[in-house]
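With compact mmCIF, C-alpha atoms inside, this is data_24.txt:
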```txt
# COMPACT_ATOMS: atom_id res chain seq x y z
CA MET A 224 48.07 57.59 93.61
CA ASN A 225 47.19 53.95 93.03
CA ARG A 226 45.22 53.87 96.28
CA ARG A 227 43.19 56.89 95.19
CA ILE A 228 42.44 55.29 91.84
CA LEU A 229 41.37 52.04 93.49
CA THR A 230 39.17 53.99 95.92
CA PHE A 231 37.40 55.80 93.07
CA ILE A 232 36.87 52.53 91.21
CA ALA A 233 35.45 50.88 94.34
CA ILE A 234 33.04 53.76 94.94
CA GLY A 235 31.98 53.65 91.30
CA LEU A 236 31.28 49.92 91.41
CA LEU A 237 29.30 50.25 94.63
CA SER A 238 27.15 53.05 93.26
CA LEU A 239 26.52 51.34 89.90
CA PRO A 240 23.74 48.99 91.11
CA MET A 241 22.00 51.94 92.77
CA ALA A 242 22.16 53.95 89.56
CA LEU A 243 20.80 51.06 87.53
CA SER A 244 17.95 50.39 89.93
CA ALA A 245 17.08 54.09 90.03
CA SER A 246 16.48 54.03 86.26
CA ASP A 247 14.00 51.16 86.45
CA PRO A 248 10.33 52.18 86.30
CA THR A 249 8.17 51.26 89.29
CA SER A 250 4.97 49.23 88.97
CA ASP A 251 3.04 52.50 89.32
CA ASP A 252 5.10 53.99 86.48
CA VAL A 253 4.11 51.07 84.26
CA LEU A 254 0.42 51.47 85.15
CA VAL A 255 0.54 55.19 84.41
CA ALA A 256 2.37 54.63 81.12
CA MET A 257 -0.04 51.94 79.96
CA GLY A 258 -3.03 54.11 80.83
CA ALA A 259 -1.50 57.06 79.01
CA ILE A 260 -0.74 55.01 75.89
CA LYS A 261 -4.24 53.55 75.78
CA ASP A 262 -5.84 56.97 76.23
CA ALA A 263 -3.68 58.42 73.49
CA ALA A 264 -4.59 55.55 71.14
CA PHE A 265 -8.29 56.14 71.80
CA VAL A 266 -7.82 59.85 71.07
CA ALA A 267 -6.10 59.06 67.77
CA CYS A 268 -8.87 56.62 66.78
CA GLY A 269 -11.59 59.07 67.79
CA ASN A 270 -9.90 61.82 65.83
CA PHE A 271 -9.98 59.67 62.69
CA ILE A 272 -13.44 58.13 63.17
CA SER A 273 -15.11 61.51 63.06
CA THR A 274 -16.56 63.85 60.48
CA LYS A 275 -15.66 66.90 62.55
CA ASP A 276 -12.96 69.25 61.33
CA ARG A 277 -10.55 68.56 64.18
CA GLU A 278 -6.78 68.90 64.08
CA ILE A 279 -4.60 67.95 67.03
CA PRO A 280 -1.13 69.41 66.37
CA THR A 281 0.79 66.85 68.45
CA ILE A 282 -0.75 63.88 66.60
CA GLY A 283 0.17 63.07 63.01
CA MET A 284 -1.07 60.31 60.74
CA GLU A 285 0.26 58.38 57.79
CA SER A 286 -2.39 56.90 55.51
CA ASP A 287 -2.57 53.89 53.24
CA ALA A 288 -3.36 55.22 49.78
CA SER A 289 -5.22 52.04 48.79
CA THR A 290 -7.71 52.11 51.68
CA GLY A 291 -7.61 55.66 52.97
CA LEU A 292 -7.16 54.27 56.47
CA PRO A 293 -4.34 55.47 58.74
CA SER A 294 -1.37 53.10 58.70
CA ALA A 295 0.53 54.82 61.50
CA VAL A 296 0.00 57.47 64.15
CA ILE A 297 2.86 59.66 65.33
CA PHE A 298 2.84 61.35 68.73
CA ASP A 299 5.16 64.36 69.00
CA HIS A 300 5.54 65.50 72.62
CA ALA A 301 1.80 65.03 73.07
CA ASP A 302 0.60 66.17 76.50
CA LEU A 303 -2.45 64.12 77.49
CA SER A 304 -3.91 67.04 79.43
CA SER A 305 -4.52 68.88 76.13
CA PHE A 306 -6.73 66.21 74.55
CA LEU A 307 -9.99 66.63 76.47
CA ALA A 308 -10.57 70.10 75.03
CA TYR A 309 -10.87 68.54 71.56
CA PHE A 310 -13.80 66.36 72.65
CA PRO A 311 -16.32 68.70 74.34
CA GLU A 312 -19.61 67.44 75.70
CA ALA A 313 -22.37 67.55 73.10
CA SER A 314 -25.10 70.05 74.01
CA ASP A 315 -28.38 68.36 74.95
CA THR A 316 -30.92 70.36 72.96
CA SER A 317 -33.73 67.77 73.08
CA GLU A 318 -35.95 70.10 75.14
CA ASN A 319 -35.87 72.60 72.29
CA GLY A 320 -36.96 70.01 69.80
CA ASN A 321 -33.49 69.41 68.38
CA SER A 322 -33.02 65.79 69.45
CA LEU A 323 -32.29 64.85 65.83
CA GLN A 324 -29.49 67.41 65.75
CA LEU A 325 -28.04 65.90 68.93
CA LEU A 326 -28.26 62.40 67.45
CA LEU A 327 -26.50 63.50 64.26
CA SER A 328 -23.82 65.23 66.32
CA ARG A 329 -23.12 62.06 68.27
CA ALA A 330 -23.07 59.98 65.09
CA SER A 331 -20.51 62.31 63.56
CA ASP A 332 -18.15 61.78 66.51
CA PRO A 333 -19.06 58.31 67.84
CA LEU A 334 -16.00 57.66 70.03
CA ALA A 335 -16.12 61.06 71.75
CA PRO A 336 -18.15 59.84 74.79
CA ILE A 337 -15.69 56.97 75.40
CA ILE A 338 -12.72 59.31 75.09
CA ARG A 339 -14.23 61.95 77.37
CA LYS A 340 -14.94 59.32 80.01
CA ARG A 341 -11.41 57.91 79.94
CA LEU A 342 -9.72 61.32 80.01
CA THR A 343 -12.03 62.60 82.75
CA VAL A 344 -11.49 59.55 84.97
CA HIS A 345 -7.71 59.71 84.58
CA ASP A 346 -7.81 63.49 85.08
CA TRP A 347 -4.51 64.25 83.35
CA LYS A 348 -2.97 67.57 84.33
CA GLU A 349 -0.44 69.56 82.30
CA GLY A 350 2.96 67.92 82.25
CA GLU A 351 1.85 64.70 83.95
CA ALA A 352 2.08 62.43 80.91
CA ILE A 353 3.79 63.34 77.64
CA LEU A 354 4.00 60.88 74.76
CA ASP A 355 6.50 60.50 71.95
CA GLY A 356 6.56 57.65 69.46
CA THR A 357 4.60 55.75 66.86
CA CYS A 358 1.69 53.35 66.63
CA ALA A 359 1.52 51.27 63.44
CA ILE A 360 -1.92 49.87 62.62
CA LYS A 361 -2.85 46.63 60.88
CA TYR A 362 -6.50 46.00 59.99
CA GLN A 363 -8.52 42.94 59.15
CA THR A 364 -8.41 41.96 55.49
CA GLY A 365 -10.82 43.99 53.36
CA MET A 366 -11.34 46.76 55.92
CA THR A 367 -12.50 50.11 54.54
CA TYR A 368 -13.46 53.41 56.12
CA GLY A 369 -17.13 52.68 55.49
CA LYS A 370 -16.96 49.28 57.16
CA MET A 371 -15.06 50.74 60.09
CA MET A 372 -17.54 53.58 60.61
CA SER A 373 -20.47 51.17 60.33
CA GLY A 374 -18.95 48.87 62.93
CA VAL A 375 -18.29 51.74 65.34
CA LEU A 376 -21.81 53.13 64.98
CA THR A 377 -23.41 49.73 65.60
CA GLY A 378 -21.08 48.77 68.45
CA THR A 379 -19.55 45.86 66.51
CA TYR A 380 -16.07 47.33 66.60
CA PRO A 381 -13.66 45.98 63.95
CA LYS A 382 -10.46 44.50 65.31
CA ALA A 383 -7.08 46.09 64.65
CA ALA A 384 -3.54 45.26 65.74
CA LEU A 385 -1.47 48.14 67.12
CA ALA A 386 2.33 47.93 67.06
CA MET A 387 3.42 50.45 69.70
CA ASP A 388 6.82 52.08 70.15
CA MET A 389 6.09 54.80 72.70
CA THR A 390 7.92 56.73 75.40
CA VAL A 391 6.00 58.27 78.30
CA SER A 392 7.55 61.04 80.38
CA GLY A 393 6.17 63.61 82.79
CA ILE A 394 5.63 64.19 86.48
CA ARG A 395 3.33 61.19 86.97
CA VAL A 396 6.24 58.84 86.30
CA THR A 397 9.57 58.73 88.15
CA VAL A 398 11.54 57.87 85.00
CA GLN A 399 10.87 57.79 81.27
CA VAL A 400 8.93 54.65 80.39
CA HIS A 401 9.54 53.11 76.96
CA VAL A 402 6.81 50.69 75.92
CA GLU A 403 7.23 48.53 72.84
CA GLY A 404 4.87 45.75 71.77
CA VAL A 405 1.68 44.60 70.08
CA PHE A 406 -1.80 45.47 71.31
CA ILE A 407 -5.29 44.60 70.05
CA LEU A 408 -8.03 47.20 69.66
CA ALA A 409 -11.40 45.45 69.67
CA GLY A 410 -14.83 45.31 71.22
CA ASP A 411 -15.74 42.74 73.85
CA ALA A 412 -18.89 40.64 74.24
CA ASP A 413 -20.61 43.51 76.07
CA GLY A 414 -19.92 45.96 73.27
CA ASN A 415 -17.18 47.84 75.10
CA LEU A 416 -14.14 49.00 73.15
CA ASP A 417 -10.78 48.22 74.74
CA ILE A 418 -7.07 47.89 74.02
CA THR A 419 -5.34 44.78 75.36
CA PRO A 420 -1.66 43.81 75.16
CA VAL A 421 -0.56 40.70 73.27
CA GLU A 422 3.10 41.08 74.11
CA PHE A 423 5.13 44.06 75.22
CA SER A 424 8.29 45.21 76.95
CA VAL A 425 8.97 48.11 79.29
CA ASN A 426 12.42 49.72 79.11
CA GLY A 427 13.65 46.57 77.38
CA LYS A 428 12.21 44.13 79.92
CA LYS A 429 9.57 41.71 78.66
CA MET A 430 6.34 41.94 80.67
CA GLU A 431 3.69 39.33 81.40
CA THR A 432 0.26 39.87 79.85
```

In C-alpha cells, what does this structure look like?
Amino acid sequence: MNRRILTFIAIGLLSLPMALSASDPTSDDVLVAMGAIKDAAFVACGNFISTKDREIPTIGMESDASTGLPSAVIFDHADLSSFLAYFPEASDTSENGNSLQLLLSRASDPLAPIIRKRLTVHDWKEGEAILDGTCAIKYQTGMTYGKMMSGVLTGTYPKAALAMDMTVSGIRVTVQVHVEGVFILAGDADGNLDITPVEFSVNGKKMET
C-alpha cells in the first residue's frame, strides 16, 4: 500500500510542472489579448464619443456625475466579432449633392473610421476573443465632454489613463489571458490615436513595456 501511495505521489509531482506550464499563455496569446483589449477600449471610447443612439449590450458604463464623463467601462462576455456591426461604413452621398450630410454624419461619430479599420484588420470571428472585466478611466484635470469632443474632432486627442483588469478567452488563445495594468490613451505627433501600456501583468507575471 505504501508503495502505491509513493508511486501516485511521484507521478503527481512529475506531472505538476507540465500542468503549470500548460496554463501559461504563449507569446501569441499575449499579442492576441493585447490586440483584443485595445480594440475593445477603442469601441467603448467610440461608443461614448458619438451622438448616435447606439447601445452595445455587452458594454456598460459608469459615469462621473460631476463631469458626465464615463469613469469606468464594464465588459460582460463581450465577443469582439459583434462590434463591427455597430460601426457601419458611412454612405458616400456626395455625388447626389449631400456631401454636407456625409460630413455631419462623420462628425457625429468621429472615431468610427478608426474602429472600423482596427476591427476589419484584426478580422475577429465569433468566439475568437471574448472579454470580461473593467477599465477605469482617469482624465486630465478640467476635462469635460465638450473639450473631449473638440479634441477628437480636431485630432488633438486628450490624454486619459486606463486602469485595465481584463480577461480574454476564446479560440484565438490557448488559455484564458488575464491582463491587469495601466495604459495611456492619447494621440501621437502624427495625429494618430493609440493605446500604449505603462505597466501591466499577464496572468500575474509582470511584463516589459

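Distance annotation: of A:Ile279, A:Lys429, A:Asp346, A:Asp251, the residue with the minimal separation from Ala301 (chain A) is A:Ile279; atom set is all atoms listed in the file.
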
Distance in Å - CA of Ala384 (chain A) versus CA of Ser305 (chain A): 25.8 Å

Interatomic distance, CA of Leu408 (chain A) to CA of Pro280 (chain A) (Å, one decimal):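 Taking CA of Leu408 (chain A) as the start and CA of Pro280 (chain A) as the end point, the length is 23.5 Å.
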
Atom pair CA of Gly269 (chain A) / CA of Pro381 (chain A): separation (Å): 13.8 Å

Shortest interatomic distance to Leu342 (chain A) - which of A:Ala308, A:Val405, A:Met389, A:Met430, counting all atoms listed in the file: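 For Leu342 (chain A), the nearest of the given residues is A:Ala308.
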
Non-local contacts of Ile272 (chain A) (8 Å; all atoms listed in the file; under 5 positions in same chain excluded) as a PyMOL selection string: chain A and resi 332-334+372

Of the listed residues A:Thr274, A:Thr419, A:Ser331, A:Thr364, that which approaches Lys261 (chain A) most closely, counting only C-alpha atoms: A:Thr419

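Across A:Thr281, A:Ser424, A:Thr290, A:Thr367, the tightest approach to Ala386 (chain A) is made by A:Ser424 when counting all atoms listed in the file.
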
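Minimum atom-to-atom distance to Lys370 (chain A), evaluated using only C-alpha atoms, belongs to A:Lys382 out of A:Glu431, A:Lys382, A:Gln399, A:Asp262.
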
Sorted per-residue table, region 378-424 of chain A near region 353-356 of chain A, closest atoms and distance, 10 Å, all atoms listed in the file, as JSON lines:
```
{"residue": "A:Met387", "atom": "CA", "partner": "A:Gly356", "partner_atom": "CA", "distance": 7.9}
{"residue": "A:Asp388", "atom": "CA", "partner": "A:Gly356", "partner_atom": "CA", "distance": 5.6}
{"residue": "A:Met389", "atom": "CA", "partner": "A:Gly356", "partner_atom": "CA", "distance": 4.3}
{"residue": "A:Thr390", "atom": "CA", "partner": "A:Asp355", "partner_atom": "CA", "distance": 5.3}
{"residue": "A:Val391", "atom": "CA", "partner": "A:Leu354", "partner_atom": "CA", "distance": 4.8}
{"residue": "A:Ser392", "atom": "CA", "partner": "A:Ile353", "partner_atom": "CA", "distance": 5.2}
{"residue": "A:Gly393", "atom": "CA", "partner": "A:Ile353", "partner_atom": "CA", "distance": 5.7}
{"residue": "A:Ile394", "atom": "CA", "partner": "A:Ile353", "partner_atom": "CA", "distance": 9.1}
{"residue": "A:Arg395", "atom": "CA", "partner": "A:Ile353", "partner_atom": "CA", "distance": 9.6}
{"residue": "A:Gln399", "atom": "CA", "partner": "A:Ile353", "partner_atom": "CA", "distance": 9.7}
{"residue": "A:Val400", "atom": "CA", "partner": "A:Leu354", "partner_atom": "CA", "distance": 9.7}
{"residue": "A:His401", "atom": "CA", "partner": "A:Gly356", "partner_atom": "CA", "distance": 9.3}
{"residue": "A:Val402", "atom": "CA", "partner": "A:Gly356", "partner_atom": "CA", "distance": 9.5}
{"residue": "A:Glu403", "atom": "CA", "partner": "A:Gly356", "partner_atom": "CA", "distance": 9.7}
```

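Taking only C-alpha atoms into account, Val266 (chain A) lies nearest to A:Ala335 out of the set A:Met371, A:Leu416, A:Ala335, A:Val396.
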
Env of Ser250 (chain A): 12 Å cut, atoms = all atoms listed in the file, seq-sep filter 2 positions within chain, self excluded. Answer as a PDB file with C-alpha atoms, keeping the file's coordinate frame.
```
ATOM      1  CA  ASP A 247      14.000  51.160  86.450  1.00  0.00           C
ATOM      2  CA  PRO A 248      10.330  52.180  86.300  1.00  0.00           C
ATOM      3  CA  ASP A 252       5.100  53.990  86.480  1.00  0.00           C
ATOM      4  CA  VAL A 253       4.110  51.070  84.260  1.00  0.00           C
ATOM      5  CA  LEU A 254       0.420  51.470  85.150  1.00  0.00           C
ATOM      6  CA  VAL A 255       0.540  55.190  84.410  1.00  0.00           C
ATOM      7  CA  ALA A 256       2.370  54.630  81.120  1.00  0.00           C
ATOM      8  CA  MET A 257      -0.040  51.940  79.960  1.00  0.00           C
ATOM      9  CA  VAL A 396       6.240  58.840  86.300  1.00  0.00           C
ATOM     10  CA  THR A 397       9.570  58.730  88.150  1.00  0.00           C
ATOM     11  CA  VAL A 398      11.540  57.870  85.000  1.00  0.00           C
ATOM     12  CA  VAL A 400       8.930  54.650  80.390  1.00  0.00           C
ATOM     13  CA  VAL A 425       8.970  48.110  79.290  1.00  0.00           C
ATOM     14  CA  MET A 430       6.340  41.940  80.670  1.00  0.00           C
TER      15      MET A 430
END
```

How about completing region 397-416 of chain A with N, CA, C and O atoms and giving it to me as an mmCIF file, in the coordinates of the input?
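Dumped to result_19.cif:
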```cif
data_model
loop_
_atom_site.group_PDB
_atom_site.id
_atom_site.type_symbol
_atom_site.label_atom_id
_atom_site.label_comp_id
_atom_site.auth_asym_id
_atom_site.auth_seq_id
_atom_site.Cartn_x
_atom_site.Cartn_y
_atom_site.Cartn_z
ATOM 1 N N THR A 397 8.287 58.378 87.528
ATOM 2 C CA THR A 397 9.570 58.730 88.150
ATOM 3 C C THR A 397 10.710 58.695 87.149
ATOM 4 O O THR A 397 11.731 59.348 87.358
ATOM 5 N N VAL A 398 10.557 57.923 86.071
ATOM 6 C CA VAL A 398 11.540 57.870 85.000
ATOM 7 C C VAL A 398 10.791 57.777 83.672
ATOM 8 O O VAL A 398 9.591 57.509 83.645
ATOM 9 N N GLN A 399 11.487 58.006 82.568
ATOM 10 C CA GLN A 399 10.870 57.790 81.270
ATOM 11 C C GLN A 399 10.550 56.308 81.102
ATOM 12 O O GLN A 399 11.360 55.449 81.451
ATOM 13 N N VAL A 400 9.368 56.032 80.573
ATOM 14 C CA VAL A 400 8.930 54.650 80.390
ATOM 15 C C VAL A 400 8.772 54.389 78.898
ATOM 16 O O VAL A 400 7.937 55.009 78.233
ATOM 17 N N HIS A 401 9.584 53.467 78.381
ATOM 18 C CA HIS A 401 9.540 53.110 76.960
ATOM 19 C C HIS A 401 8.769 51.798 76.819
ATOM 20 O O HIS A 401 9.184 50.769 77.356
ATOM 21 N N VAL A 402 7.656 51.865 76.124
ATOM 22 C CA VAL A 402 6.810 50.690 75.920
ATOM 23 C C VAL A 402 6.859 50.295 74.446
ATOM 24 O O VAL A 402 6.629 51.127 73.565
ATOM 25 N N GLU A 403 7.167 49.042 74.207
ATOM 26 C CA GLU A 403 7.230 48.530 72.840
ATOM 27 C C GLU A 403 6.499 47.190 72.808
ATOM 28 O O GLU A 403 6.750 46.323 73.654
ATOM 29 N N GLY A 404 5.581 47.013 71.850
ATOM 30 C CA GLY A 404 4.870 45.750 71.770
ATOM 31 C C GLY A 404 3.662 45.806 70.867
ATOM 32 O O GLY A 404 3.443 46.780 70.143
ATOM 33 N N VAL A 405 2.876 44.744 70.918
ATOM 34 C CA VAL A 405 1.680 44.600 70.080
ATOM 35 C C VAL A 405 0.447 44.582 70.970
ATOM 36 O O VAL A 405 0.398 43.863 71.981
ATOM 37 N N PHE A 406 -0.552 45.365 70.571
ATOM 38 C CA PHE A 406 -1.800 45.470 71.310
ATOM 39 C C PHE A 406 -2.963 45.235 70.334
ATOM 40 O O PHE A 406 -2.821 45.435 69.132
ATOM 41 N N ILE A 407 -4.095 44.816 70.869
ATOM 42 C CA ILE A 407 -5.290 44.600 70.050
ATOM 43 C C ILE A 407 -6.373 45.592 70.454
ATOM 44 O O ILE A 407 -6.723 45.705 71.639
ATOM 45 N N LEU A 408 -6.883 46.302 69.465
ATOM 46 C CA LEU A 408 -8.030 47.200 69.660
ATOM 47 C C LEU A 408 -9.260 46.472 69.155
ATOM 48 O O LEU A 408 -9.348 46.121 67.980
ATOM 49 N N ALA A 409 -10.214 46.227 70.050
ATOM 50 C CA ALA A 409 -11.400 45.450 69.670
ATOM 51 C C ALA A 409 -12.506 45.652 70.702
ATOM 52 O O ALA A 409 -12.253 46.100 71.828
ATOM 53 N N GLY A 410 -13.703 45.291 70.299
ATOM 54 C CA GLY A 410 -14.830 45.310 71.220
ATOM 55 C C GLY A 410 -14.978 43.969 71.907
ATOM 56 O O GLY A 410 -14.604 42.933 71.365
ATOM 57 N N ASP A 411 -15.518 43.993 73.139
ATOM 58 C CA ASP A 411 -15.740 42.740 73.850
ATOM 59 C C ASP A 411 -17.181 42.283 73.686
ATOM 60 O O ASP A 411 -17.968 42.892 72.943
ATOM 61 N N ALA A 412 -17.548 41.217 74.388
ATOM 62 C CA ALA A 412 -18.890 40.640 74.240
ATOM 63 C C ALA A 412 -19.987 41.601 74.691
ATOM 64 O O ALA A 412 -21.137 41.502 74.259
ATOM 65 N N ASP A 413 -19.631 42.544 75.567
ATOM 66 C CA ASP A 413 -20.610 43.510 76.070
ATOM 67 C C ASP A 413 -20.666 44.779 75.228
ATOM 68 O O ASP A 413 -21.379 45.731 75.579
ATOM 69 N N GLY A 414 -19.902 44.794 74.139
ATOM 70 C CA GLY A 414 -19.920 45.960 73.270
ATOM 71 C C GLY A 414 -19.015 47.094 73.708
ATOM 72 O O GLY A 414 -19.151 48.218 73.223
ATOM 73 N N ASN A 415 -18.109 46.814 74.638
ATOM 74 C CA ASN A 415 -17.180 47.840 75.100
ATOM 75 C C ASN A 415 -15.879 47.782 74.298
ATOM 76 O O ASN A 415 -15.351 46.702 74.043
ATOM 77 N N LEU A 416 -15.384 48.929 73.923
ATOM 78 C CA LEU A 416 -14.140 49.000 73.150
ATOM 79 C C LEU A 416 -12.954 49.052 74.116
ATOM 80 O O LEU A 416 -12.962 49.810 75.085
#
```
